[in-house]
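S.K.: What follows is a single structure, and I will ask about it in a moment.
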Amino acid sequence: MVFGRGTWLATLLADVVAAHARSPAPVPTPLPDAASGRARGRAFLRRTLRASGLVYGTPVPLPPPVDGEPADVPARAVEDELFHAVVRTLARMALDLARVMEAPAGPRVEQLLVLFAVLAGELDLAMALDARLAAGLPVPRRMVGRVEDALDKRAPSLAGDPVYGLVLHNGAQYADAQLFFRQAIDLFASGRLSRAMAERRRDFAAKQKALLVDVLTALACVDREPSPPARRAILRQVEGLKLPHALESEVKAAVRQSFERKRDVRDVVRRVRSVDMRHLLLEQALLAALVDGRRTRRERAFIDTLAGALHVPHAELRRLELEMAEFYARHRSLVDVFTVSDAAGAMGEELMGGMQETLEKNFHRLMQEARETGDLAVLLTKAARRQKLTGDERQRMRAQLIDVAKAIPALAIFAAPGGILLLAALAKVLPFSLLPSSFQDGPAVDSDDEDTLEREAV
């Protein structure tokens with residue numbers, strides 16, 4: 001399936017609709033018998049949207065690797081695979097909504113085209129498609145091509161973040177997913193597209209993204225003023241969100257203001273009332289503080305202040321943090337394209353020093369937890385000796401690092417994306433006196449095996 005050649009979207013949607021027709025019906029959320037189709041759809045969406053992985057920027061299940069595909073495929077190719085998986089996940093879940101809502105039978109491929117046109121911001125095209133469906137007319141290939149082109153243009157905003165920019169991918173994608181599914185509920189309930197409602201939902205998604213930019217920019221400025229490359233990258237990301245012109249100008253002005261002086265995050269989020277939005281902002285701020293391998297004192301204070309301003313209790317903050325870390329530990333094969341690979345390339349002496357300080361302060365607790373947590377101590381010993389771990393061993397080590405992070409919050413970073421990579425990097429700079437004898441014993445490492453652990457971690 002090749003993007004940008006006028007064929008991929010129609011083929012993908014036809015495949016999804018055919019596969020969905022053969023699949024078992026989704027389990028609806030228990031509701032009173034008199035509940036409307038809209039109520040059933042909203043309840044199902046609340047239960048399944050987070051489980052889909054879209055809030056984390058990675059649909060579940062992840063697309064399988066292509067047969068014969070080299071292990072070191074270019075990042076752009078993997079981004080295309082992720083974009084492909086996102087579109088497929090959106091389409092499949094929309095069809096699940098139609099079933100749960102018991103929507104009348106209809107031309108599902110064409111209805112999905114309408115929804116994707118709304119997602120891409122092409123409301124005139126979406127209304128034209130909807131009018132043809134209402135009249136029983138076929139959708140011409142040129143209109144399908146226009147939807148494909150519009151989605152292709154949006155692909156960069158659904159893909160990775162630059163090294164110096166903000167971690168916007170996940171939050172922007174989640175806002176788009178909410179827009180898409182709420183529009184799907186409306187379409188399947190009424191059978192027609194309401195332009196007024198589509199515009200309202202599009203504006204709401206844009207405001208969500210703008211607020212996310214505000215919070216993440218404030219976080220990015222908490223330690224120091226962003227460098228000129230970072231400032232340019234962030235402003236380009238704002239442009240990539242395709243916000244309405246007036247809102248984009250407003251967001252850019254707020255971002256530039258944050259560059260010049262620190263903004264109180266309590267002022268930024270004072271009007272947030274939605275529980276979903278509170279959790280989204282807090283999760284994305286947690287992710288942004290974790291993916292580059294740093295959890296500075298100011299960043300931790302920022303997160304605590306943000307949680308307080310959003311009226312999220314500390315226990316709930318910890319739950320969100322560990323839930324996010326555990327998700328990434330389980331589903332990281334594509335996530336690392338947007339986080340670990342760039343973060344590892346950007347790691348400097350300051351980063352290494354900060355991680356070393358964290359490990360030094362918690363070393364004795366770490367070793368005690370490691371000895372008490374399954375075979376983690378044995379696996380860490382093998383890793384420190386540069387001995388290759390099997391796939392099952394790597395999975396066990398990641399799972400057990402999650403358990404250690406629950407006991408030692410300061411070490412949650414090592415259970416986040418790239419945690420194994422960070423441990424490997426630290427092993428090269430920690431003084432030997434910090435390591436237990438089991439880590440120091442063993443034969444010298446052959447030069448050919450020096451980067452084994454790094455390759456396993458990626």
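By convention here, the chains of the structure tokens are called A, B, ... in the order presented, each chain's residues are numbered starting at 1, and ligands are numbered starting at 1 in the order presented.
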For region 260-266 of chain A, work out the shell of residues within 9 Å, counting only C-alpha atoms and skipping chain neighbours fewer than 4 positions away, then give it as a list in words.

M.R.: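 So the residues in contact are Asp214, Val215, Ala218, Leu219, Cys221, Val222, Glu225, Val255, Arg256, Arg270, Phe302, Thr305, Leu306, Gly308, Ala309 and Leu310 of chain A.
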
S.K.: Please extract the residues of region 57-294 of chain A with a backbone DSSP assignment of helix (DSSP H, G or I) and present them as number ranges by chain.

M.R.: A: 75-100, 108-119, 123-134, 141-158, 169-190, 195-220, 228-240, 245-260, 265-268, 275-290

S.K.: Taking into account only C-alpha atoms, which residue in the set A:Gln183, A:Gln111, A:Gln284, A:Ser249 is nearest to Leu168 (chain A)?

M.R.: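 Once distances to Leu168 (chain A) are computed over only C-alpha atoms, the minimum belongs to A:Gln284.
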
S.K.: Within 10 Å of Pro138 (chain A), counting only C-alpha atoms, which residues show up once you throw out same-chain ones fewer than 6 positions away? Write them as number ranges by chain, please.

M.R.: A: 107, 110, 129, 132

S.K.: Just the residues within 9 Å of Ala205 (chain A), please, counting only C-alpha atoms, with nothing from its chain fewer than 4 positions along; format it as a short mmCIF file (atom, residue, chain, number, x, y, z; two decimals) with N, CA, C and O atoms, in the first residue's frame.

M.R.:
```cif
data_model
loop_
_atom_site.label_atom_id
_atom_site.label_comp_id
_atom_site.auth_asym_id
_atom_site.auth_seq_id
_atom_site.Cartn_x
_atom_site.Cartn_y
_atom_site.Cartn_z
N ALA A 172 -1.92 15.39 20.30
CA ALA A 172 -2.62 15.85 19.10
C ALA A 172 -3.41 14.71 18.47
O ALA A 172 -4.53 14.90 18.01
N ALA A 175 -6.58 14.02 20.52
CA ALA A 175 -7.61 15.02 20.24
C ALA A 175 -8.29 14.73 18.91
O ALA A 175 -9.52 14.85 18.79
N ASP A 176 -7.50 14.34 17.91
CA ASP A 176 -8.08 14.00 16.61
C ASP A 176 -8.97 12.76 16.71
O ASP A 176 -10.03 12.68 16.07
N GLN A 178 -10.67 11.73 19.34
CA GLN A 178 -11.94 12.13 19.96
C GLN A 178 -12.85 12.83 18.97
O GLN A 178 -14.06 12.56 18.91
N LEU A 179 -12.29 13.72 18.16
CA LEU A 179 -13.07 14.39 17.12
C LEU A 179 -13.67 13.36 16.17
O LEU A 179 -14.87 13.41 15.85
N ARG A 200 -18.10 22.62 15.17
CA ARG A 200 -17.96 22.76 16.62
C ARG A 200 -16.93 21.77 17.15
O ARG A 200 -16.08 22.14 17.97
N ARG A 201 -17.00 20.53 16.68
CA ARG A 201 -16.04 19.52 17.17
C ARG A 201 -14.63 19.82 16.67
O ARG A 201 -13.66 19.60 17.39
N LYS A 209 -5.59 21.08 21.34
CA LYS A 209 -4.19 21.09 20.89
C LYS A 209 -3.49 22.37 21.32
O LYS A 209 -2.32 22.34 21.73
N ALA A 210 -4.20 23.49 21.23
CA ALA A 210 -3.60 24.76 21.64
C ALA A 210 -3.24 24.75 23.12
O ALA A 210 -2.16 25.21 23.52
#
```

S.K.: Under the rule of at most 12 Å, produce a per-residue listing of region 156-202 of chain A near region 83-101 of chain A: chain, number, name, the closest pair of atoms, and the distance in Å, as CSV, using only C-alpha atoms.

M.R.:
```
residue,atom,partner,partner_atom,distance
A:Pro156,CA,A:Phe83,CA,9.0
A:Ser157,CA,A:Phe83,CA,9.9
A:Leu158,CA,A:Phe83,CA,6.8
A:Ala159,CA,A:Phe83,CA,6.8
A:Gly160,CA,A:Phe83,CA,10.1
A:His169,CA,A:Phe83,CA,11.3
A:Asn170,CA,A:Val86,CA,11.4
A:Gln173,CA,A:Val86,CA,8.9
A:Tyr174,CA,A:Val86,CA,10.6
A:Asp176,CA,A:Leu90,CA,9.9
A:Ala177,CA,A:Leu90,CA,7.1
A:Gln178,CA,A:Leu90,CA,10.0
A:Leu179,CA,A:Leu90,CA,10.8
A:Phe180,CA,A:Leu90,CA,7.6
A:Phe181,CA,A:Ala94,CA,6.4
A:Arg182,CA,A:Ala94,CA,9.5
A:Gln183,CA,A:Ala94,CA,9.5
A:Ala184,CA,A:Ala94,CA,6.2
A:Ile185,CA,A:Leu97,CA,7.0
A:Asp186,CA,A:Ala98,CA,10.4
A:Leu187,CA,A:Ala98,CA,9.3
A:Phe188,CA,A:Ala98,CA,6.1
A:Ala189,CA,A:Met101,CA,7.5
A:Ser190,CA,A:Met101,CA,11.2
A:Gly191,CA,A:Ala98,CA,10.9
```

S.K.: Which distance in Å separates CA of Leu13 (chain A) and CA of Leu193 (chain A), to one decimal?

M.R.: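 Rounded to one decimal, the two atoms are 19.2 Å apart.
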
S.K.: Check the smallest atom-to-atom distance from each of A:Ala289, A:Leu389, A:Leu45, A:Ala10 to Pro26 (chain A) using only C-alpha atoms, then report the winner.

M.R.: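 Nearest to Pro26 (chain A): A:Leu45.
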
S.K.: Using Å and a single decimal, report how far CA of Met277 (chain A) sits from CA of His245 (chain A).

M.R.: 23.0 Å
